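Engineer: Take a look at upload35.csv, CSV, C-alpha atoms and all ligand atoms:
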chain,number,residue,atom,x,y,z
X,675,MET,CA,-33.3,15.8,-50.8
X,676,LYS,CA,-29.6,16.6,-51.7
X,677,THR,CA,-28.2,20.1,-52.0
X,678,ARG,CA,-24.8,21.6,-51.3
X,679,ILE,CA,-26.2,22.3,-47.8
X,680,THR,CA,-27.0,18.7,-47.0
X,681,GLU,CA,-23.5,17.7,-48.3
X,682,LEU,CA,-21.7,20.5,-46.5
X,683,LEU,CA,-23.3,19.8,-43.1
X,684,ARG,CA,-24.0,16.0,-43.6
X,685,ILE,CA,-27.6,16.4,-42.6
X,686,ARG,CA,-30.7,14.7,-44.1
X,687,TYR,CA,-32.8,17.7,-44.9
X,688,PRO,CA,-31.7,21.3,-45.8
X,689,LEU,CA,-33.9,22.7,-43.1
X,690,PHE,CA,-32.6,24.9,-40.3
X,691,GLN,CA,-34.4,25.9,-37.2
X,692,GLY,CA,-33.8,29.6,-36.5
X,693,GLY,CA,-31.4,30.3,-33.5
X,694,MET,CA,-34.0,32.4,-31.6
X,695,ALA,CA,-33.0,34.1,-28.4
X,696,TRP,CA,-34.5,32.5,-25.3
X,697,VAL,CA,-36.6,30.0,-27.3
X,698,ALA,CA,-34.0,28.0,-29.1
X,699,ASP,CA,-32.4,26.0,-26.3
X,700,TYR,CA,-30.8,22.6,-26.4
X,701,HIS,CA,-34.2,20.8,-26.3
X,702,LEU,CA,-35.4,22.4,-29.5
X,703,ALA,CA,-32.0,22.2,-31.3
X,704,ALA,CA,-31.5,18.5,-30.4
X,705,ALA,CA,-35.1,17.6,-31.5
X,706,VAL,CA,-34.7,19.3,-34.9
X,707,SER,CA,-31.3,17.7,-35.5
X,708,GLU,CA,-32.6,14.3,-34.5
X,709,ALA,CA,-35.4,14.8,-37.0
X,710,GLY,CA,-32.9,15.3,-39.8
X,711,GLY,CA,-32.7,19.1,-39.9
X,712,LEU,CA,-30.2,21.4,-38.4
X,713,GLY,CA,-31.0,22.4,-34.9
X,714,ILE,CA,-29.5,25.7,-33.7
X,715,ILE,CA,-29.0,26.9,-30.1
X,716,GLY,CA,-29.7,30.6,-29.9
X,717,ALA,CA,-27.1,32.4,-27.7
X,718,GLY,CA,-29.2,35.6,-27.8
X,719,GLY,CA,-28.1,37.9,-25.0
X,720,ALA,CA,-26.8,35.1,-22.8
X,721,PRO,CA,-23.3,34.8,-21.3
X,722,ALA,CA,-20.7,32.5,-22.8
X,723,GLN,CA,-21.0,30.0,-19.9
X,724,PHE,CA,-24.7,29.5,-20.6
X,725,VAL,CA,-23.9,28.7,-24.2
X,726,ARG,CA,-21.2,26.2,-23.2
X,727,GLU,CA,-23.7,24.4,-21.0
X,728,GLN,CA,-26.3,24.3,-23.7
X,729,VAL,CA,-23.9,22.8,-26.2
X,730,ARG,CA,-22.9,20.1,-23.7
X,731,LEU,CA,-26.6,19.3,-23.0
X,732,ALA,CA,-27.4,19.1,-26.7
X,733,LYS,CA,-24.6,16.7,-27.2
X,734,GLU,CA,-26.1,14.4,-24.6
X,735,MET,CA,-29.3,14.3,-26.6
X,736,THR,CA,-28.0,14.0,-30.1
X,737,ASP,CA,-24.9,12.8,-32.0
X,738,LYS,CA,-26.1,14.6,-35.1
X,739,PRO,CA,-24.7,18.0,-36.2
X,740,PHE,CA,-26.2,21.1,-34.6
X,741,GLY,CA,-25.3,24.8,-34.6
X,742,VAL,CA,-25.0,27.8,-32.4
X,743,ASN,CA,-26.4,31.2,-33.4
X,744,ILE,CA,-24.4,34.2,-32.1
X,745,MET,CA,-26.3,37.4,-31.9
X,746,LEU,CA,-23.4,39.9,-32.5
X,747,MET,CA,-25.0,42.7,-30.4
X,748,ASN,CA,-24.5,40.5,-27.4
X,749,PRO,CA,-21.7,42.2,-25.2
X,750,ASP,CA,-20.4,38.6,-24.6
X,751,ALA,CA,-20.2,37.8,-28.4
X,752,GLU,CA,-16.4,37.6,-28.4
X,753,GLU,CA,-16.4,35.1,-25.5
X,754,ILE,CA,-19.1,33.0,-27.2
X,755,ALA,CA,-17.1,33.1,-30.4
X,756,LYS,CA,-14.2,31.4,-28.5
X,757,ALA,CA,-16.5,29.1,-26.6
X,758,VAL,CA,-17.9,27.5,-29.7
X,759,VAL,CA,-14.3,26.6,-30.7
X,760,GLN,CA,-13.5,25.1,-27.4
X,761,GLU,CA,-16.8,23.1,-27.3
X,762,GLN,CA,-16.2,21.9,-30.9
X,763,VAL,CA,-19.5,23.1,-32.3
X,764,SER,CA,-19.7,22.1,-36.0
X,765,VAL,CA,-21.8,25.1,-37.4
X,766,VAL,CA,-22.1,28.7,-36.4
X,767,THR,CA,-24.7,31.1,-37.7
X,768,THR,CA,-24.6,34.8,-36.8
X,769,GLY,CA,-27.1,37.6,-36.7
X,770,ALA,CA,-27.4,41.4,-36.3
X,771,GLY,CA,-23.9,42.2,-37.3
X,772,ASN,CA,-20.7,41.4,-39.1
X,773,PRO,CA,-18.8,38.3,-37.9
X,774,ALA,CA,-15.7,38.8,-40.2
X,775,LYS,CA,-13.3,39.2,-37.3
X,776,TYR,CA,-14.0,35.7,-36.0
X,777,ALA,CA,-13.8,34.0,-39.4
X,778,ALA,CA,-10.1,33.0,-39.3
X,779,MET,CA,-10.5,31.5,-35.8
X,780,TRP,CA,-13.6,29.5,-36.8
X,781,LYS,CA,-12.1,28.3,-40.1
X,782,GLU,CA,-9.0,27.0,-38.3
X,783,ALA,CA,-11.2,25.0,-35.9
X,784,GLY,CA,-13.1,23.5,-38.9
X,785,ILE,CA,-16.4,25.3,-37.9
X,786,LYS,CA,-18.8,25.9,-40.8
X,787,ILE,CA,-19.6,29.7,-40.9
X,788,ILE,CA,-23.1,30.6,-42.0
X,789,PRO,CA,-24.0,34.3,-41.4
X,790,VAL,CA,-27.5,35.7,-41.6
X,791,VAL,CA,-27.7,38.7,-43.9
X,792,ALA,CA,-30.4,41.0,-45.1
X,793,SER,CA,-28.7,42.5,-48.1
X,794,VAL,CA,-26.7,41.6,-51.2
X,795,ALA,CA,-23.8,43.8,-50.1
X,796,MET,CA,-23.5,42.0,-46.8
X,797,ALA,CA,-23.8,38.6,-48.5
X,798,LYS,CA,-20.8,39.4,-50.8
X,799,MET,CA,-18.8,40.7,-47.9
X,800,MET,CA,-19.4,37.5,-45.9
X,801,GLU,CA,-18.4,35.4,-48.9
X,802,ARG,CA,-15.1,37.3,-49.1
X,803,ALA,CA,-14.6,36.9,-45.4
X,804,GLY,CA,-14.8,33.1,-45.8
X,805,ALA,CA,-18.4,32.1,-45.1
X,806,ASP,CA,-19.3,28.6,-46.2
X,807,ALA,CA,-23.0,29.5,-46.9
X,808,ILE,CA,-25.3,32.4,-46.3
X,809,ILE,CA,-28.8,32.7,-44.8
X,810,ALA,CA,-30.7,35.4,-46.7
X,811,GLU,CA,-33.4,36.7,-44.3
X,812,GLY,CA,-36.3,38.6,-45.6
X,813,THR,CA,-38.4,41.2,-43.7
X,814,GLU,CA,-41.2,38.7,-43.2
X,815,SER,CA,-39.2,37.2,-40.4
X,816,GLY,CA,-39.7,37.8,-36.7
X,817,GLY,CA,-37.3,39.7,-34.5
X,818,HIS,CA,-34.6,42.0,-35.8
X,819,ILE,CA,-35.2,42.4,-39.6
X,820,GLY,CA,-33.9,44.0,-42.7
X,821,ALA,CA,-35.9,45.8,-45.4
X,822,SER,CA,-36.1,43.5,-48.4
X,823,THR,CA,-38.7,40.7,-48.8
X,824,THR,CA,-37.6,37.1,-49.1
X,825,MET,CA,-39.0,36.9,-52.6
X,826,THR,CA,-36.7,39.8,-53.7
X,827,LEU,CA,-33.7,39.2,-51.5
X,828,VAL,CA,-33.1,35.5,-52.1
X,829,PRO,CA,-32.6,35.4,-56.0
X,830,GLN,CA,-30.5,38.6,-55.8
X,831,VAL,CA,-28.2,37.0,-53.2
X,832,VAL,CA,-28.1,33.7,-55.1
X,833,ASP,CA,-26.9,35.6,-58.2
X,834,ALA,CA,-24.3,37.6,-56.2
X,835,VAL,CA,-22.4,34.8,-54.5
X,836,HIS,CA,-21.0,31.4,-55.3
X,837,ILE,CA,-21.6,29.8,-51.9
X,838,PRO,CA,-25.0,28.1,-51.2
X,839,VAL,CA,-27.9,30.3,-50.0
X,840,ILE,CA,-30.5,29.4,-47.4
X,841,ALA,CA,-33.8,31.3,-47.5
X,842,ALA,CA,-35.4,32.7,-44.3
X,843,GLY,CA,-38.5,34.8,-43.6
X,844,GLY,CA,-42.0,33.8,-44.4
X,845,ILE,CA,-41.4,30.0,-44.7
X,846,ALA,CA,-43.5,27.6,-42.6
X,847,ASP,CA,-44.6,24.8,-44.8
X,848,GLY,CA,-43.7,22.7,-47.9
X,849,ARG,CA,-45.0,25.4,-50.3
X,850,GLY,CA,-42.6,27.9,-48.8
X,851,PHE,CA,-39.8,25.4,-48.9
X,852,ALA,CA,-40.5,24.6,-52.6
X,853,ALA,CA,-40.8,28.3,-53.4
X,854,ALA,CA,-37.4,29.0,-51.8
X,855,ARG,CA,-35.9,26.2,-53.9
X,856,MET,CA,-37.4,27.9,-57.1
X,857,LEU,CA,-35.7,31.1,-56.1
X,858,GLY,CA,-32.3,29.3,-56.0
X,859,ALA,CA,-32.0,28.7,-52.3
X,860,GLU,CA,-30.4,25.3,-51.4
X,861,GLY,CA,-32.1,25.2,-48.0
X,862,VAL,CA,-34.5,27.1,-45.7
X,863,GLN,CA,-34.5,28.4,-42.1
X,864,ILE,CA,-37.7,28.3,-40.2
X,865,GLY,CA,-38.3,30.1,-36.9
X,866,THR,CA,-41.9,30.9,-36.0
X,867,ARG,CA,-43.3,27.4,-36.6
X,868,PHE,CA,-40.7,26.0,-34.2
X,869,VAL,CA,-41.6,28.5,-31.5
X,870,ALA,CA,-44.9,26.6,-31.3
X,871,ALA,CA,-43.2,23.1,-31.4
X,872,GLU,CA,-43.8,20.7,-28.5
X,873,GLU,CA,-40.1,20.7,-27.7
X,874,SER,CA,-39.9,24.5,-27.6
X,875,ILE,CA,-39.6,25.9,-24.1
X,876,ALA,CA,-41.6,29.0,-25.0
X,877,HIS,CA,-44.5,29.6,-22.6
X,878,GLU,CA,-47.8,28.1,-23.7
X,879,ASN,CA,-49.3,31.7,-23.7
X,880,TYR,CA,-46.7,32.7,-26.4
X,881,LYS,CA,-47.3,29.5,-28.4
X,882,ASN,CA,-51.1,30.1,-28.3
X,883,LYS,CA,-50.7,33.7,-29.5
X,884,ILE,CA,-48.8,32.4,-32.5
X,885,ILE,CA,-51.4,29.7,-33.1
X,886,ALA,CA,-54.2,32.3,-32.9
X,887,ALA,CA,-52.4,34.9,-35.1
X,888,LYS,CA,-53.8,35.9,-38.4
X,889,ASP,CA,-51.8,37.2,-41.4
X,890,ILE,CA,-51.8,40.9,-40.4
X,891,ASP,CA,-51.2,40.5,-36.7
X,892,SER,CA,-47.5,41.4,-36.6
X,893,GLU,CA,-46.1,44.9,-36.1
X,894,VAL,CA,-42.6,46.4,-36.7
X,895,THR,CA,-41.3,48.6,-33.9
X,896,GLY,CA,-38.0,50.5,-33.8
X,897,MET,CA,-38.0,51.8,-37.4
X,898,SER,CA,-37.2,55.3,-36.2
X,899,HIS,CA,-33.9,54.4,-34.6
X,900,GLY,CA,-32.8,51.8,-37.2
X,901,HIS,CA,-33.5,48.6,-35.2
X,902,PRO,CA,-36.7,47.3,-36.6
X,903,VAL,CA,-38.1,44.3,-34.7
X,904,ARG,CA,-41.2,42.3,-35.8
X,905,GLN,CA,-43.5,40.9,-33.1
X,906,LEU,CA,-47.2,40.2,-32.6
X,907,ARG,CA,-49.3,43.2,-31.8
X,908,ASN,CA,-50.1,43.7,-28.1
X,909,ALA,CA,-50.3,46.5,-25.5
X,910,MET,CA,-46.5,46.9,-25.6
X,911,THR,CA,-46.3,47.3,-29.4
X,912,ARG,CA,-49.3,49.8,-29.3
X,913,GLU,CA,-47.6,51.9,-26.7
X,914,TYR,CA,-44.2,51.7,-28.4
X,915,LEU,CA,-45.6,52.7,-31.8
X,916,LYS,CA,-47.6,55.6,-30.2
X,917,MET,CA,-44.5,56.9,-28.4
X,918,GLU,CA,-42.4,56.4,-31.6
X,919,LYS,CA,-44.9,58.5,-33.6
X,920,GLU,CA,-44.7,61.2,-30.9
X,921,GLY,CA,-40.9,61.3,-31.4
X,922,ALA,CA,-39.8,59.5,-28.2
X,923,SER,CA,-36.0,59.0,-27.8
X,924,PHE,CA,-34.2,55.7,-28.2
X,925,ASP,CA,-33.7,55.5,-24.4
X,926,GLU,CA,-37.3,56.0,-23.6
X,927,LEU,CA,-38.4,53.4,-26.1
X,928,GLU,CA,-35.7,50.9,-24.9
X,929,LYS,CA,-37.4,50.9,-21.5
X,930,LEU,CA,-40.4,49.3,-23.1
X,931,THR,CA,-38.5,46.5,-24.7
X,932,LEU,CA,-35.8,45.8,-22.1
X,933,GLY,CA,-36.3,42.2,-21.1
X,934,ALA,CA,-39.5,42.1,-23.0
X,935,LEU,CA,-38.6,38.9,-25.0
X,936,ARG,CA,-37.8,37.1,-21.8
X,937,LYS,CA,-41.1,38.2,-20.4
X,938,ALA,CA,-42.9,36.6,-23.3
X,939,VAL,CA,-40.9,33.4,-23.5
X,940,VAL,CA,-40.3,32.7,-19.9
X,941,GLU,CA,-43.2,34.4,-18.0
X,942,GLY,CA,-45.8,34.1,-20.8
X,943,ASP,CA,-46.6,37.8,-20.5
X,944,ILE,CA,-48.6,38.3,-23.7
X,945,VAL,CA,-49.5,41.9,-22.7
X,946,ASN,CA,-46.1,43.6,-22.1
X,947,GLY,CA,-43.8,40.9,-23.5
X,948,SER,CA,-42.2,41.0,-27.0
X,949,LEU,CA,-43.9,38.2,-28.9
X,950,MET,CA,-41.4,38.0,-31.7
X,951,ALA,CA,-42.9,36.2,-34.7
X,952,GLY,CA,-42.8,36.3,-38.5
X,953,GLN,CA,-45.6,37.3,-40.9
X,954,ILE,CA,-46.2,33.6,-41.5
X,955,ALA,CA,-47.6,33.1,-38.0
X,956,GLY,CA,-51.1,32.9,-39.5
X,957,LEU,CA,-50.1,29.6,-41.1
X,958,VAL,CA,-49.1,27.9,-37.8
X,959,LYS,CA,-52.2,26.1,-36.6
X,960,ARG,CA,-51.2,23.8,-33.8
X,961,GLU,CA,-48.4,22.6,-31.5
X,962,GLN,CA,-46.6,19.7,-33.1
X,963,SER,CA,-43.3,17.8,-32.5
X,964,CYS,CA,-40.3,18.9,-34.5
X,965,LYS,CA,-40.3,15.5,-36.2
X,966,GLU,CA,-43.9,15.9,-37.3
X,967,ILE,CA,-43.2,19.5,-38.5
X,968,ILE,CA,-40.2,18.5,-40.5
X,969,GLU,CA,-41.7,15.4,-42.1
X,970,GLU,CA,-44.9,17.3,-43.0
X,971,ILE,CA,-42.9,20.1,-44.7
X,972,MET,CA,-40.5,17.8,-46.5
X,973,ALA,CA,-43.4,15.5,-47.8
X,974,GLN,CA,-45.3,18.5,-49.1
X,975,ALA,CA,-42.2,20.0,-50.7
X,976,LYS,CA,-41.3,16.8,-52.4
X,977,GLY,CA,-44.8,16.5,-53.8
X,978,LEU,CA,-44.5,20.0,-55.3
X,979,ILE,CA,-40.9,19.8,-56.5
X,980,GLY,CA,-40.8,16.2,-57.6
X,981,GLY,CA,-38.5,13.3,-56.7
X,982,LYS,CA,-35.2,15.1,-57.4
X,983,GLY,CA,-35.9,18.0,-55.1
V,1,LIG,O1,-30.6,38.6,-35.8
V,1,LIG,C1,-31.7,38.4,-36.3
V,1,LIG,N1,-32.9,38.4,-35.6
V,1,LIG,C2,-33.0,38.7,-34.3
V,1,LIG,S1,-31.7,39.1,-33.2
V,1,LIG,C3,-32.8,39.3,-32.0
V,1,LIG,S2,-32.3,39.7,-30.4
V,1,LIG,C4,-32.9,41.3,-30.3
V,1,LIG,N2,-33.7,41.5,-29.2
V,1,LIG,C5,-34.2,42.7,-29.0
V,1,LIG,C6,-34.0,43.7,-29.9
V,1,LIG,C7,-33.2,43.5,-31.0
V,1,LIG,C8,-32.7,42.3,-31.2
V,1,LIG,C9,-34.1,39.1,-32.4
V,1,LIG,N3,-34.1,38.8,-33.7
V,1,LIG,N4,-31.8,38.0,-37.6
V,1,LIG,C10,-30.6,38.0,-38.4
V,1,LIG,C11,-30.4,39.3,-39.0
V,1,LIG,N5,-29.2,39.8,-39.1
V,1,LIG,N6,-31.3,40.0,-39.6
V,1,LIG,C12,-30.7,41.1,-40.1
V,1,LIG,C13,-29.3,41.0,-39.8
V,1,LIG,C14,-28.2,41.8,-40.0
V,1,LIG,C15,-28.3,43.2,-39.9
V,1,LIG,C16,-27.2,44.0,-40.1
V,1,LIG,C17,-27.0,41.2,-40.4
V,1,LIG,C18,-25.9,42.0,-40.6
V,1,LIG,C19,-26.0,43.4,-40.5
V,1,LIG,O2,-24.9,44.1,-40.7
V,1,LIG,C20,-24.7,45.3,-40.1
V,1,LIG,C21,-23.3,45.7,-40.3
V,1,LIG,O3,-22.6,45.4,-39.3
V,1,LIG,O4,-23.0,46.2,-41.3
Output the file's structure in the form of structure tokens.
Ligand code: TUI
Structural biologist:
Amino acid sequence: MKTRITELLRIRYPLFQGGMAWVADYHLAAAVSEAGGLGIIGAGGAPAQFVREQVRLAKEMTDKPFGVNIMLMNPDAEEIAKAVVQEQVSVVTTGAGNPAKYAAMWKEAGIKIIPVVASVAMAKMMERAGADAIIAEGTESGGHIGASTTMTLVPQVVDAVHIPVIAAGGIADGRGFAAARMLGAEGVQIGTRFVAAEESIAHENYKNKIIAAKDIDSEVTGMSHGHPVRQLRNAMTREYLKMEKEGASFDELEKLTLGALRKAVVEGDIVNGSLMAGQIAGLVKREQSCKEIIEEIMAQAKGLIGGKG
């Protein structure tokens, strides 16, 4: 299945694995890249040295291209931005901010720049700043989200920029892949289904919560202070939303979520942890290898789209 994304990155399938904090380490990234997609190491809130080590470990497991996602709210973002140059990473995706100030440095190093955006305005700004492609992420996604749905955002971003667009948010199977292609996207990014992959280091409790989730089991916290985060409903989200309704301050609310993602991913704390997941979690039925996931999605998509893709 050829698109401008497979050509740009020299990968078999235009299918990215989301660079999820704590979850997307070198095991997951290498497995996805080995299966023909683009694996992405999620730097999340980690220090630059951790990211360097992760990149080196991924290179020992695959000689195929993989990326690093830099979450721009990370206080160490600048150091990570330099580290990906030194470690000769081929693709960088960014989230939760504007990466324009790093664009010249990355371009000079030959790194492909693919920012995640949640609006047309940001997509245009990123194209002007030198992005090679754009990931348009809808509000169906897990984690930190924007307001527009994938269905509405993707075609509007496709019309607004010349660079290729990758659709994210609400995609977990071949139907979602095919639908994204119909909206004009030249690739997709998938997060939630890969959290439950065999190669994912997420705790079994977290994987099982995703596998058990139904369509309406996610909740968005943080709307009141402008940092909406989607995660599966549990005691933590109930308490958060109750406090938010009562007008709790940002600092009070932060106490509930501080370290909550780590609690979910590493400790398997499904009560107080932040079980970030997208609205498509209801479609994830079992733990499978990355290769099985990718081949299943691509076979289904090819059947729907036809041979040319
Ligand atoms: O970044 C994400 N998703 C994330 S980051 C994350 S880590 C976290 N943990 C706890 C609380 C909050 C975050 C979990 N999930 N997705 C990519 C994304 N980026 N979605 C939306 C945006 C975005 C938002 C604003 C991109 C650019 C932007 O620009 C703002 C500006 O600077 O103008």
Engineer: Calculated over all atoms listed in the file, which of the candidates X:Tyr914, X:Tyr700, X:Tyr776, X:Phe690 has the smallest distance to X:Asn946?
Structural biologist: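 So, comparing all the options, the nearest one is X:Tyr914.
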Engineer: Kindly assemble as a tab-separated table a list of the chain X residues that lie within 9 Å of ligand LIG 1 (chain V), each paired with its nearest atom pair and their distance in Å to one decimal, using all atoms listed in the file, sorted first by chain and then by ascending residue number.
Structural biologist:
residue	atom	partner	partner_atom	distance
X:Gly692	CA	V:LIG1	N4	8.7
X:Gly693	CA	V:LIG1	N1	8.5
X:Met694	CA	V:LIG1	N3	6.7
X:Ala695	CA	V:LIG1	S2	6.0
X:Gly718	CA	V:LIG1	S2	5.8
X:Gly719	CA	V:LIG1	S2	7.1
X:Asn743	CA	V:LIG1	O1	8.8
X:Ile744	CA	V:LIG1	O1	8.5
X:Met745	CA	V:LIG1	S1	5.8
X:Leu746	CA	V:LIG1	O1	8.0
X:Met747	CA	V:LIG1	C8	7.8
X:Asn748	CA	V:LIG1	S2	8.4
X:Thr768	CA	V:LIG1	C10	7.0
X:Gly769	CA	V:LIG1	O1	3.7
X:Ala770	CA	V:LIG1	N5	3.7
X:Gly771	CA	V:LIG1	C18	3.9
X:Asn772	CA	V:LIG1	O3	4.4
X:Pro773	CA	V:LIG1	O3	8.2
X:Pro789	CA	V:LIG1	C17	7.6
X:Val790	CA	V:LIG1	C10	5.0
X:Val791	CA	V:LIG1	C17	4.4
X:Ala792	CA	V:LIG1	C12	5.0
X:Ser793	CA	V:LIG1	C17	8.0
X:Met796	CA	V:LIG1	O2	6.6
X:Ala797	CA	V:LIG1	C18	8.9
X:Ile809	CA	V:LIG1	C10	8.5
X:Ala810	CA	V:LIG1	N6	8.5
X:Glu811	CA	V:LIG1	N6	6.1
X:Gly812	CA	V:LIG1	N6	7.9
X:Thr813	CA	V:LIG1	N6	8.3
X:Ser815	CA	V:LIG1	N4	8.0
X:Gly816	CA	V:LIG1	N3	6.4
X:Gly817	CA	V:LIG1	N3	3.4
X:His818	CA	V:LIG1	N3	3.9
X:Ile819	CA	V:LIG1	N6	4.6
X:Gly820	CA	V:LIG1	C12	5.0
X:Ala821	CA	V:LIG1	C12	8.8
X:Gly896	CA	V:LIG1	C6	8.8
X:His901	CA	V:LIG1	C7	6.6
X:Pro902	CA	V:LIG1	C7	7.6
X:Val903	CA	V:LIG1	C7	6.2
X:Arg904	CA	V:LIG1	N3	8.2
X:Glu928	CA	V:LIG1	C6	8.9
X:Thr931	CA	V:LIG1	C5	7.2
X:Leu932	CA	V:LIG1	C5	7.7
X:Gly933	CA	V:LIG1	C5	8.2
X:Ala934	CA	V:LIG1	C5	8.0
X:Leu935	CA	V:LIG1	N2	7.0
X:Ser948	CA	V:LIG1	C5	8.4
X:Met950	CA	V:LIG1	C9	7.4
Engineer: What is the atom CA of X:Gly942-atom CA of X:Ala876 distance in Å, reported with one decimal?
Structural biologist: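 Separating atom CA of X:Gly942 from atom CA of X:Ala876 is a distance of 7.8 Å.
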Engineer: Could you name the residues that touch X:Ile714 at 6 Å or less, counting all atoms listed in the file, but leaving out those on the same chain fewer than 2 positions away, as a ChimeraX atom specification?
Structural biologist: /X:693,703,740-742
Engineer: What does the distance from atom CA of X:Val939 to atom CA of X:Trp696 come to in Å, to one decimal?
Structural biologist: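 So the answer is 6.7 Å.
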Engineer: Looking at all atoms listed in the file, which of X:Thr677, X:Gly952, X:Glu872, X:Asp943 is the one that sits closest to X:Gly858?
Structural biologist: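 Residue with the minimum atom-to-atom distance to X:Gly858: X:Thr677.
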Engineer: Let me make sure I understand: among X:Val759, X:Ala795, X:Ile837, X:Leu731, which one has the smallest atom-to-atom distance to X:Lys781 if we use all atoms listed in the file?
Structural biologist: X:Val759
Engineer: Of the candidates X:Ala846, X:Val725, X:Ala732, X:Val794, which one gets nearest to X:Pro829 if we count all atoms listed in the file?
Structural biologist: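 Checking each candidate against X:Pro829, we get X:Val794 as the closest.
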Engineer: Find the residue from X:Asp750, X:Leu857, X:Gly713, X:Ala852 that sits nearest to X:Asp833; use only C-alpha atoms when measuring.
Structural biologist: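 Checking each of X:Asp750, X:Leu857, X:Gly713, X:Ala852 against X:Asp833, counting only C-alpha atoms, the winner is X:Leu857.
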Engineer: Looking at all atoms listed in the file, which of X:Pro838, X:Gly861, X:Gly716, X:Pro749 is the one that sits closest to X:Arg686?
Structural biologist: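 Among the listed residues, the smallest separation from X:Arg686 belongs to X:Gly861.
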Engineer: Which residues come within 9 Å of X:Ile885, counting all atoms listed in the file, excluding same-chain residues fewer than 4 positions away, as a ChimeraX atom specification?
Structural biologist: /X:870,880-881,955-961
Engineer: Can you work out the spacing between atom CA of X:Gln905 and atom CA of X:Ala922 in Å, to one decimal?
Structural biologist: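 Atom-to-atom, atom CA of X:Gln905 to atom CA of X:Ala922, that is 19.6 Å.
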Engineer: Excluding same-chain residues fewer than 4 positions from X:Ala859, what lies within 10 Å of it counting only C-alpha atoms, as an NGL selection string?
Structural biologist: :X and (677 or 679 or 688 or 808-810 or 828-829 or 831-832 or 838-842 or 851-855)
Engineer: With a distance cut-off of 8 Å and all atoms listed in the file, select the neighbouring residues of X:Ile845, excluding the residue or stretch itself and same-chain residues fewer than 5 positions from it, and output the selection as a short mmCIF file (atom, residue, chain, number, x, y, z; two decimals) with C-alpha atoms, keeping the file's coordinate frame.
Structural biologist:
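Output below, filename part.cif:
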data_model
loop_
_atom_site.label_atom_id
_atom_site.label_comp_id
_atom_site.auth_asym_id
_atom_site.auth_seq_id
_atom_site.Cartn_x
_atom_site.Cartn_y
_atom_site.Cartn_z
CA GLY X 850 -42.60 27.90 -48.80
CA PHE X 851 -39.80 25.40 -48.90
CA VAL X 862 -34.50 27.10 -45.70
CA GLN X 863 -34.50 28.40 -42.10
CA ILE X 864 -37.70 28.30 -40.20
CA ILE X 954 -46.20 33.60 -41.50
#
